[in-house]
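Trainee: Dropping in target05.txt, with compact mmCIF, C-alpha atoms and all ligand atoms.
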```
# COMPACT_ATOMS: atom_id res chain seq x y z
CA LYS A 6 0.00 0.00 0.00
CA GLU A 7 1.15 3.57 -0.74
CA LYS A 8 -0.45 6.99 -0.49
CA GLY A 9 -1.49 7.73 -4.04
CA TRP A 10 -2.50 10.72 -6.14
CA ILE A 11 -5.98 11.00 -4.63
CA ALA A 12 -7.30 10.28 -1.14
CA GLU A 13 -7.57 6.57 -1.66
CA ASP A 14 -4.41 4.51 -1.01
CA MET A 15 -2.94 2.69 -3.99
CA CYS A 16 -2.04 -0.96 -3.93
CA LEU A 17 0.15 -3.28 -5.96
CA TYR A 18 -1.50 -6.06 -7.95
CA GLU A 19 0.56 -8.33 -10.22
CA GLY A 20 3.40 -5.80 -10.11
CA PHE A 21 1.33 -2.71 -11.03
CA TRP A 22 -0.28 0.09 -9.04
CA TYR A 23 -4.03 0.59 -8.78
CA GLN A 24 -6.65 2.60 -6.99
CA PRO A 25 -8.67 -0.28 -5.52
CA MET A 26 -11.98 1.51 -6.01
CA HIS A 27 -11.11 2.99 -9.39
CA GLY A 28 -10.15 0.20 -11.68
CA LEU A 29 -8.70 -2.73 -9.80
CA ALA A 30 -12.00 -4.43 -9.02
CA GLY A 31 -12.93 -4.15 -12.73
CA VAL A 32 -9.58 -5.57 -13.83
CA MET A 33 -9.94 -8.59 -11.56
CA PHE A 34 -13.52 -9.17 -12.65
CA ALA A 35 -12.55 -8.92 -16.34
CA GLN A 36 -9.69 -11.35 -15.80
CA GLU A 37 -12.21 -13.90 -14.62
CA HIS A 38 -15.21 -13.29 -16.79
CA PHE A 39 -14.34 -11.64 -20.11
CA GLN A 40 -15.15 -13.67 -23.21
CA ALA A 41 -13.18 -12.31 -26.17
CA ARG A 42 -14.18 -12.45 -29.83
CA PRO A 43 -11.58 -12.58 -32.63
CA ASP A 44 -12.98 -9.39 -34.17
CA ASP A 45 -12.81 -7.35 -30.93
CA VAL A 46 -10.64 -4.27 -31.06
CA PHE A 47 -8.77 -3.04 -27.99
CA LEU A 48 -7.37 0.42 -27.48
CA ILE A 49 -4.86 0.15 -24.67
CA SER A 50 -2.92 3.01 -23.12
CA THR A 51 -1.41 4.45 -20.04
CA PRO A 52 -3.72 7.11 -18.57
CA LYS A 53 -3.26 10.60 -20.07
CA SER A 54 -1.56 9.32 -23.21
CA GLY A 55 -4.24 10.41 -25.67
CA THR A 56 -6.82 7.71 -25.00
CA THR A 57 -9.77 10.03 -25.65
CA TRP A 58 -8.33 11.06 -29.02
CA LEU A 59 -7.56 7.51 -30.12
CA LYS A 60 -10.97 6.32 -28.96
CA ALA A 61 -12.52 8.86 -31.30
CA ILE A 62 -10.17 8.03 -34.20
CA ILE A 63 -10.65 4.27 -33.94
CA PHE A 64 -14.42 4.67 -33.57
CA GLY A 65 -14.37 7.04 -36.57
CA ILE A 66 -12.42 4.54 -38.70
CA MET A 67 -14.42 1.47 -37.70
CA LYS A 68 -17.86 3.04 -38.01
CA ARG A 69 -17.27 5.26 -41.02
CA THR A 70 -19.75 3.56 -43.30
CA CYS A 71 -22.55 3.57 -40.71
CA TYR A 72 -23.14 7.30 -40.41
CA THR A 73 -23.22 10.48 -42.44
CA ASN A 74 -21.12 13.43 -41.31
CA SER A 75 -24.06 15.24 -39.80
CA THR A 76 -25.42 12.27 -37.85
CA HIS A 77 -22.13 10.94 -36.57
CA PRO A 78 -22.35 9.73 -32.93
CA LEU A 79 -19.12 11.55 -32.06
CA LEU A 80 -21.02 14.81 -32.55
CA THR A 81 -23.43 13.98 -29.77
CA THR A 82 -21.70 11.35 -27.67
CA ASN A 83 -18.55 11.61 -25.58
CA PRO A 84 -15.73 9.37 -26.95
CA HIS A 85 -15.69 7.54 -23.61
CA ASP A 86 -19.30 6.57 -24.15
CA CYS A 87 -18.60 5.42 -27.73
CA VAL A 88 -15.70 3.24 -26.58
CA PRO A 89 -16.17 2.16 -22.97
CA PHE A 90 -13.37 1.37 -20.55
CA PHE A 91 -13.22 -2.21 -19.43
CA GLU A 92 -12.25 -1.59 -15.84
CA PHE A 93 -14.19 1.61 -15.14
CA GLU A 94 -17.42 0.95 -17.02
CA LEU A 95 -18.01 -2.56 -18.28
CA PHE A 96 -16.80 -4.67 -15.41
CA LYS A 97 -18.24 -2.70 -12.56
CA GLU A 98 -21.56 -2.77 -10.75
CA PRO A 99 -23.81 -1.92 -12.49
CA PRO A 100 -22.06 -2.13 -15.91
CA VAL A 101 -22.91 0.51 -18.53
CA ALA A 102 -23.69 -2.22 -21.04
CA ASP A 103 -23.92 -5.98 -21.27
CA VAL A 104 -20.53 -6.84 -22.79
CA ASP A 105 -21.68 -10.19 -24.15
CA ASN A 106 -24.58 -8.66 -26.03
CA LEU A 107 -22.71 -5.81 -27.71
CA PRO A 108 -22.72 -6.22 -31.51
CA SER A 109 -19.47 -7.08 -33.31
CA PRO A 110 -17.05 -5.61 -33.92
CA ARG A 111 -16.81 -4.46 -30.32
CA ILE A 112 -14.37 -1.67 -29.49
CA PHE A 113 -13.05 -1.52 -25.95
CA ALA A 114 -10.48 0.54 -24.11
CA THR A 115 -8.37 -0.38 -21.13
CA HIS A 116 -5.21 0.56 -19.24
CA ILE A 117 -4.52 -3.02 -18.08
CA PRO A 118 -0.79 -3.93 -18.33
CA TYR A 119 0.09 -6.60 -20.88
CA SER A 120 1.01 -9.18 -18.27
CA SER A 121 -2.39 -8.81 -16.58
CA LEU A 122 -4.59 -8.85 -19.69
CA PRO A 123 -7.45 -11.34 -19.45
CA LYS A 124 -6.12 -14.47 -21.16
CA PRO A 125 -8.97 -14.76 -23.71
CA ILE A 126 -7.86 -11.44 -25.22
CA LEU A 127 -4.48 -12.90 -26.12
CA ASP A 128 -5.91 -16.27 -27.12
CA SER A 129 -8.58 -14.82 -29.41
CA GLY A 130 -6.09 -13.08 -31.69
CA CYS A 131 -8.05 -9.82 -31.59
CA LYS A 132 -6.39 -6.54 -32.56
CA ILE A 133 -4.74 -4.28 -30.03
CA VAL A 134 -3.79 -0.64 -30.58
CA TYR A 135 -1.46 0.67 -27.89
CA VAL A 136 -0.85 4.40 -27.53
CA CYS A 137 1.77 5.90 -25.24
CA ARG A 138 3.18 9.36 -24.74
CA ASP A 139 6.27 11.12 -23.46
CA PRO A 140 6.12 10.38 -19.71
CA LYS A 141 6.87 14.01 -18.88
CA ASP A 142 3.70 15.13 -20.67
CA VAL A 143 1.74 12.24 -19.15
CA LEU A 144 2.80 13.38 -15.70
CA ILE A 145 1.82 17.01 -16.28
CA SER A 146 -1.48 15.99 -17.86
CA MET A 147 -2.33 13.77 -14.89
CA TRP A 148 -1.27 16.42 -12.42
CA TYR A 149 -3.78 18.86 -13.90
CA PHE A 150 -6.46 16.21 -14.30
CA LEU A 151 -6.29 15.04 -10.72
CA ALA A 152 -6.20 18.57 -9.37
CA LYS A 153 -9.86 18.66 -10.39
CA VAL A 154 -10.62 15.41 -8.60
CA ARG A 155 -8.52 16.17 -5.53
CA SER A 156 -9.96 19.61 -4.97
CA MET A 157 -13.01 17.95 -3.51
CA GLU A 158 -11.17 16.02 -0.86
CA LEU A 159 -7.52 17.10 -0.49
CA PRO A 160 -5.31 20.15 -1.04
CA PRO A 161 -3.58 20.21 -4.44
CA LEU A 162 -0.72 17.76 -4.91
CA SER A 163 2.54 19.69 -5.40
CA LEU A 164 4.45 19.07 -8.60
CA GLU A 165 7.40 17.82 -6.50
CA GLU A 166 5.16 15.20 -4.91
CA ALA A 167 3.71 14.22 -8.27
CA VAL A 168 7.18 13.78 -9.84
CA ASP A 169 8.30 11.70 -6.88
CA LEU A 170 5.27 9.41 -6.99
CA PHE A 171 5.49 9.01 -10.76
CA SER A 172 9.25 8.34 -10.71
CA ARG A 173 8.78 5.68 -8.05
CA GLY A 174 6.28 4.01 -10.34
CA ILE A 175 3.26 4.93 -8.22
CA PHE A 176 0.79 5.85 -10.92
CA GLY A 177 -2.47 4.20 -11.94
CA PHE A 178 -1.72 1.07 -14.02
CA GLY A 179 1.98 1.89 -13.65
CA PRO A 180 4.90 1.99 -13.28
CA PHE A 181 4.33 3.94 -16.48
CA TRP A 182 7.53 2.62 -18.04
CA ASP A 183 6.70 -1.03 -17.30
CA ASN A 184 3.22 -0.67 -18.78
CA VAL A 185 4.70 0.70 -22.01
CA GLN A 186 7.54 -1.82 -22.06
CA GLY A 187 5.13 -4.78 -21.88
CA TYR A 188 3.27 -3.71 -25.02
CA TRP A 189 6.40 -2.50 -26.82
CA LYS A 190 8.03 -5.92 -26.50
CA ALA A 191 4.82 -7.73 -27.42
CA SER A 192 4.34 -5.50 -30.49
CA LEU A 193 7.83 -6.38 -31.73
CA GLU A 194 7.02 -10.06 -31.39
CA CYS A 195 3.56 -9.76 -32.88
CA PRO A 196 3.22 -6.65 -35.08
CA LYS A 197 0.11 -7.98 -36.83
CA ARG A 198 -1.75 -8.11 -33.52
CA ILE A 199 -0.40 -5.09 -31.71
CA PHE A 200 -0.13 -1.68 -33.32
CA PHE A 201 2.15 0.43 -31.15
CA ILE A 202 2.03 4.18 -31.60
CA THR A 203 2.97 7.30 -29.70
CA TYR A 204 0.90 10.44 -29.16
CA GLU A 205 3.78 12.41 -30.65
CA GLU A 206 3.76 10.35 -33.87
CA MET A 207 0.01 10.78 -34.14
CA LYS A 208 0.39 14.54 -33.78
CA ARG A 209 3.29 14.77 -36.23
CA ASP A 210 1.91 12.60 -38.96
CA THR A 211 -1.82 12.25 -38.36
CA PHE A 212 -2.85 11.52 -41.96
CA VAL A 213 -0.35 8.71 -42.53
CA LYS A 214 -0.96 7.20 -39.09
CA VAL A 215 -4.74 7.19 -39.47
CA LYS A 216 -4.36 5.37 -42.78
CA ARG A 217 -1.99 2.84 -41.20
CA LEU A 218 -4.40 2.32 -38.32
CA ALA A 219 -7.24 1.65 -40.74
CA GLU A 220 -5.10 -0.91 -42.59
CA PHE A 221 -4.10 -2.56 -39.32
CA LEU A 222 -7.75 -2.75 -38.26
CA GLY A 223 -8.60 -4.49 -41.53
CA GLN A 224 -10.53 -1.50 -42.85
CA PRO A 225 -8.20 0.26 -45.30
CA PHE A 226 -9.48 3.36 -47.05
CA SER A 227 -10.47 2.73 -50.66
CA MET A 228 -9.28 4.96 -53.50
CA GLU A 229 -12.77 6.39 -53.69
CA GLU A 230 -12.80 7.19 -49.96
CA GLU A 231 -9.43 8.87 -50.33
CA ARG A 232 -10.72 10.91 -53.26
CA GLU A 233 -13.72 11.92 -51.17
CA ARG A 234 -11.35 13.01 -48.41
CA VAL A 235 -12.82 10.63 -45.82
CA VAL A 236 -9.48 10.41 -43.98
CA GLU A 237 -9.35 14.19 -43.60
CA GLU A 238 -12.96 14.23 -42.39
CA ILE A 239 -12.25 11.69 -39.65
CA ILE A 240 -9.15 13.62 -38.58
CA GLU A 241 -11.13 16.85 -38.43
CA LEU A 242 -14.02 15.27 -36.53
CA CYS A 243 -11.60 13.87 -33.94
CA SER A 244 -9.35 16.92 -33.68
CA PHE A 245 -8.78 18.54 -30.31
CA GLY A 246 -10.45 21.81 -31.35
CA LYS A 247 -13.52 20.08 -32.75
CA LEU A 248 -14.11 17.61 -29.93
CA ARG A 249 -13.41 20.06 -27.15
CA ASN A 250 -15.95 22.52 -28.47
CA LEU A 251 -18.79 20.05 -28.84
CA GLU A 252 -21.48 20.60 -26.24
CA VAL A 253 -21.45 16.94 -25.23
CA ASN A 254 -17.75 17.12 -24.33
CA LYS A 255 -18.08 20.17 -22.13
CA ASN A 256 -20.35 19.52 -19.22
CA GLY A 257 -21.95 16.15 -18.91
CA SER A 258 -20.23 13.18 -17.35
CA ARG A 259 -21.05 9.73 -16.23
CA ASN A 260 -18.41 10.12 -13.56
CA PRO A 261 -19.45 12.22 -10.55
CA ASP A 262 -15.82 13.24 -9.85
CA PHE A 263 -15.25 15.33 -12.99
CA LYS A 264 -16.93 16.71 -16.09
CA ASN A 265 -16.21 15.56 -19.66
CA ASP A 266 -14.16 18.70 -20.31
CA ALA A 267 -11.48 17.34 -17.95
CA PHE A 268 -10.30 15.15 -20.85
CA PHE A 269 -9.53 18.18 -23.02
CA ARG A 270 -6.86 20.49 -21.64
CA LYS A 271 -4.13 21.64 -24.07
CA GLY A 272 -3.66 18.73 -26.44
CA GLU A 273 -0.04 19.66 -27.23
CA VAL A 274 3.34 17.98 -27.31
CA GLY A 275 5.94 19.23 -24.84
CA ASP A 276 3.89 21.20 -22.30
CA TRP A 277 6.23 19.71 -19.66
CA ARG A 278 8.73 22.40 -20.70
CA ASN A 279 6.48 24.96 -19.02
CA HIS A 280 6.43 23.10 -15.70
CA LEU A 281 9.34 20.77 -14.92
CA THR A 282 12.67 21.88 -13.45
CA PRO A 283 15.95 20.59 -15.00
CA GLN A 284 16.34 18.25 -11.99
CA MET A 285 12.87 16.79 -12.52
CA VAL A 286 13.56 16.32 -16.22
CA GLU A 287 16.84 14.59 -15.47
CA ARG A 288 15.22 12.19 -13.02
CA LEU A 289 12.44 11.25 -15.44
CA ASP A 290 14.66 11.05 -18.54
CA GLN A 291 17.08 8.79 -16.74
CA ILE A 292 14.37 6.20 -16.12
CA THR A 293 13.10 6.55 -19.68
CA ASN A 294 16.58 6.06 -21.12
CA GLU A 295 17.06 2.96 -19.00
CA LYS A 296 13.69 1.35 -19.62
CA LEU A 297 12.53 2.63 -23.01
CA PRO A 298 15.66 3.71 -24.87
CA SER A 299 14.27 3.29 -28.36
CA ILE A 300 10.85 4.92 -28.02
CA PHE A 301 11.24 8.50 -26.76
P1 LIG A 401 -3.07 17.46 -21.98
O1 LIG A 401 -3.48 17.40 -20.54
O2 LIG A 401 -1.58 17.47 -22.15
O3 LIG A 401 -3.72 18.56 -22.72
P2 LIG A 401 -6.36 10.72 -22.01
O4 LIG A 401 -7.42 10.84 -23.04
O5 LIG A 401 -5.52 9.49 -22.16
O6 LIG A 401 -6.90 10.91 -20.64
O7 LIG A 401 -5.31 11.90 -22.29
C1 LIG A 401 -5.70 13.24 -22.10
C2 LIG A 401 -4.73 14.10 -22.89
O8 LIG A 401 -5.03 14.02 -24.28
C3 LIG A 401 -4.87 15.57 -22.50
O9 LIG A 401 -3.56 16.11 -22.68
C4 LIG A 401 -5.85 16.06 -23.54
O10 LIG A 401 -5.85 17.46 -23.72
C5 LIG A 401 -5.36 15.32 -24.77
N1 LIG A 401 -6.39 15.21 -25.81
C6 LIG A 401 -7.71 14.96 -25.66
N2 LIG A 401 -8.33 14.94 -26.85
C7 LIG A 401 -7.39 15.17 -27.79
C8 LIG A 401 -7.42 15.29 -29.22
N3 LIG A 401 -8.56 15.16 -29.90
N4 LIG A 401 -6.26 15.53 -29.85
C9 LIG A 401 -5.11 15.66 -29.17
N5 LIG A 401 -5.00 15.58 -27.82
C10 LIG A 401 -6.13 15.33 -27.13
```
Translate this file's structure into C-alpha cells.
Mentor:
Amino acid sequence: KEKGWIAEDMCLYEGFWYQPMHGLAGVMFAQEHFQARPDDVFLISTPKSGTTWLKAIIFGIMKRTCYTNSTHPLLTTNPHDCVPFFEFELFKEPPVADVDNLPSPRIFATHIPYSSLPKPILDSGCKIVYVCRDPKDVLISMWYFLAKVRSMELPPLSLEEAVDLFSRGIFGFGPFWDNVQGYWKASLECPKRIFFITYEEMKRDTFVKVKRLAEFLGQPFSMEEERERVVEEIIELCSFGKLRNLEVNKNGSRNPDFKNDAFFRKGEVGDWRNHLTPQMVERLDQITNEKLPSIF
C-alpha cells in the first residue's frame, strides 16, 4: 500500500499500481469473466496518453460507413461513451452495457498492463492498438487532471510530490515505463496483432498514421474514400479543437468526480517544458533512457 494521487491509497497487484476503487475491481472481474471475440478491437494506453483522441479516431475509422457526417455519434456522444473502458465501465456494478450482447465488432479501451490482460484477449487473436506518450507530458497531464478530482477532498498535490510518486512508479496502471515496455516488446514479437504508436507520432503525422491504423484494423481506405477526403474528415471530426468545443464534451459526465471537459486540456506535445525543473527532467529522462531507450 502507498499513499497515491488521490485520497484513496494505492495498492500493488501483479506488479502494477491501482486505486482499488477505481479500476482494480474491474480488472480482476474482467480477468475472470471476459469472453473475447476474434474481431474485438482493444485500445490500450497508459492514462493521459491520448486515450480520448484515439478512442474517437478508432471509432471514426471502424464506423465510417454507418453514419453520415451530420449524424455521426461523435457529434453527440462523448468518446468515452462510444468506446467504454473495461475496468471503469463494463466490469463494474452496475455495468454501462452488457458486454456479451454488444454487436461485433466491439471496441473496448483499457489501461490493463500486458502481463495482466485477461487471457482470452491474447488467445482470441483480436487486434490491439497501444498508444503511449512522453512520460513528462503524461505526468503534467495527470497532475492537472487530478487537481480537479482532488480539490473535492484534499489540497492540491505539489508538482514535486507528483514527480516523486510518478518516478517511483506509483501511478495508476503503472509503473508507467513497465506498462509501455510490456506492449512495446509484445508488439515487436507480434506486429500484426499489436499496433504500437505514440501520441507524438500521431500529432506529427496524423494523416499517414490514421491510414496505417485503418489498414491494421482491416478497414483500409479505398481509392474512392481517399478521393472523397474521408481520412481528412475523420481527422477533423476527432481533432482537439472540434471535440473540445462540442457541447457533449463540455459539461456532462457519467463520472461524478469530474466533467467531460477534464479530458480536453491543451492537447499539445511538450507542455512539460512549461512546468518541470531541469532536476525533474533529469530524473524522469534517466528512467526513460534505462527502460525505453528506443521509443522516446
Ligand atoms: P493534456 O493534458 O496534455 O492537454 P487521455 O485521453 O488518455 O486521458 O489523455 C488526455 C490528454 O489528451 C490531455 O492532454 C488532452 O488534452 C489530450 N487530448 C484529448 N483529446 C485530444 C485530441 N482530440 N487531440 C489531441 N489531444 C487530445
Trainee: Go through A:Asp86, A:Val32, A:Ser121, A:Met207 and flag the residue nearest Val101 (chain A), using all atoms listed in the file for the distances.
Mentor: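 The closest residue to Val101 (chain A) is A:Asp86.
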Trainee: What does the distance between CA of Met147 (chain A) and CA of Met285 (chain A) come to in Å, to one decimal place?
Mentor: 15.7 Å
Trainee: Pick out the closest residue to Ile11 (chain A) from this set: A:Asp44, A:Glu238, A:Asp262, A:Glu233. Count all atoms listed in the file.
Mentor: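 The closest residue to Ile11 (chain A) is A:Asp262.
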Trainee: Which protein, DNA or RNA residues have an atom within 9 Å of ligand LIG 401 (chain A), counting all atoms listed in the file, as a VMD selection string?
Mentor: chain A and resid 50 to 62 85 136 to 137 142 to 150 204 207 to 208 240 242 to 249 267 to 277
Trainee: Quick one: write out the picked residues with C-alpha atoms as a PDB file, in the coordinates of the input?
Mentor:
```pdb
ATOM      1  CA  SER A  50      -2.920   3.010 -23.120  1.00  0.00           C
ATOM      2  CA  THR A  51      -1.410   4.450 -20.040  1.00  0.00           C
ATOM      3  CA  PRO A  52      -3.720   7.110 -18.570  1.00  0.00           C
ATOM      4  CA  LYS A  53      -3.260  10.600 -20.070  1.00  0.00           C
ATOM      5  CA  SER A  54      -1.560   9.320 -23.210  1.00  0.00           C
ATOM      6  CA  GLY A  55      -4.240  10.410 -25.670  1.00  0.00           C
ATOM      7  CA  THR A  56      -6.820   7.710 -25.000  1.00  0.00           C
ATOM      8  CA  THR A  57      -9.770  10.030 -25.650  1.00  0.00           C
ATOM      9  CA  TRP A  58      -8.330  11.060 -29.020  1.00  0.00           C
ATOM     10  CA  LEU A  59      -7.560   7.510 -30.120  1.00  0.00           C
ATOM     11  CA  LYS A  60     -10.970   6.320 -28.960  1.00  0.00           C
ATOM     12  CA  ALA A  61     -12.520   8.860 -31.300  1.00  0.00           C
ATOM     13  CA  ILE A  62     -10.170   8.030 -34.200  1.00  0.00           C
ATOM     14  CA  HIS A  85     -15.690   7.540 -23.610  1.00  0.00           C
ATOM     15  CA  VAL A 136      -0.850   4.400 -27.530  1.00  0.00           C
ATOM     16  CA  CYS A 137       1.770   5.900 -25.240  1.00  0.00           C
ATOM     17  CA  ASP A 142       3.700  15.130 -20.670  1.00  0.00           C
ATOM     18  CA  VAL A 143       1.740  12.240 -19.150  1.00  0.00           C
ATOM     19  CA  LEU A 144       2.800  13.380 -15.700  1.00  0.00           C
ATOM     20  CA  ILE A 145       1.820  17.010 -16.280  1.00  0.00           C
ATOM     21  CA  SER A 146      -1.480  15.990 -17.860  1.00  0.00           C
ATOM     22  CA  MET A 147      -2.330  13.770 -14.890  1.00  0.00           C
ATOM     23  CA  TRP A 148      -1.270  16.420 -12.420  1.00  0.00           C
ATOM     24  CA  TYR A 149      -3.780  18.860 -13.900  1.00  0.00           C
ATOM     25  CA  PHE A 150      -6.460  16.210 -14.300  1.00  0.00           C
ATOM     26  CA  TYR A 204       0.900  10.440 -29.160  1.00  0.00           C
ATOM     27  CA  MET A 207       0.010  10.780 -34.140  1.00  0.00           C
ATOM     28  CA  LYS A 208       0.390  14.540 -33.780  1.00  0.00           C
ATOM     29  CA  ILE A 240      -9.150  13.620 -38.580  1.00  0.00           C
ATOM     30  CA  LEU A 242     -14.020  15.270 -36.530  1.00  0.00           C
ATOM     31  CA  CYS A 243     -11.600  13.870 -33.940  1.00  0.00           C
ATOM     32  CA  SER A 244      -9.350  16.920 -33.680  1.00  0.00           C
ATOM     33  CA  PHE A 245      -8.780  18.540 -30.310  1.00  0.00           C
ATOM     34  CA  GLY A 246     -10.450  21.810 -31.350  1.00  0.00           C
ATOM     35  CA  LYS A 247     -13.520  20.080 -32.750  1.00  0.00           C
ATOM     36  CA  LEU A 248     -14.110  17.610 -29.930  1.00  0.00           C
ATOM     37  CA  ARG A 249     -13.410  20.060 -27.150  1.00  0.00           C
ATOM     38  CA  ALA A 267     -11.480  17.340 -17.950  1.00  0.00           C
ATOM     39  CA  PHE A 268     -10.300  15.150 -20.850  1.00  0.00           C
ATOM     40  CA  PHE A 269      -9.530  18.180 -23.020  1.00  0.00           C
ATOM     41  CA  ARG A 270      -6.860  20.490 -21.640  1.00  0.00           C
ATOM     42  CA  LYS A 271      -4.130  21.640 -24.070  1.00  0.00           C
ATOM     43  CA  GLY A 272      -3.660  18.730 -26.440  1.00  0.00           C
ATOM     44  CA  GLU A 273      -0.040  19.660 -27.230  1.00  0.00           C
ATOM     45  CA  VAL A 274       3.340  17.980 -27.310  1.00  0.00           C
ATOM     46  CA  GLY A 275       5.940  19.230 -24.840  1.00  0.00           C
ATOM     47  CA  ASP A 276       3.890  21.200 -22.300  1.00  0.00           C
ATOM     48  CA  TRP A 277       6.230  19.710 -19.660  1.00  0.00           C
TER      49      TRP A 277
END
```
Trainee: Of the residues A:Gln224, A:Asn260, A:Gln40, A:Gln24, which is the one nearest to Pro125 (chain A), using only C-alpha atoms?
Mentor: A:Gln40
Trainee: Rank A:Cys131, A:Lys153, A:Ile66, A:Leu193 by their smallest atom-to-atom distance to Arg217 (chain A), using all atoms listed in the file, and report the top residue only.
Mentor: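 Result for the nearest residue to Arg217 (chain A): A:Ile66.
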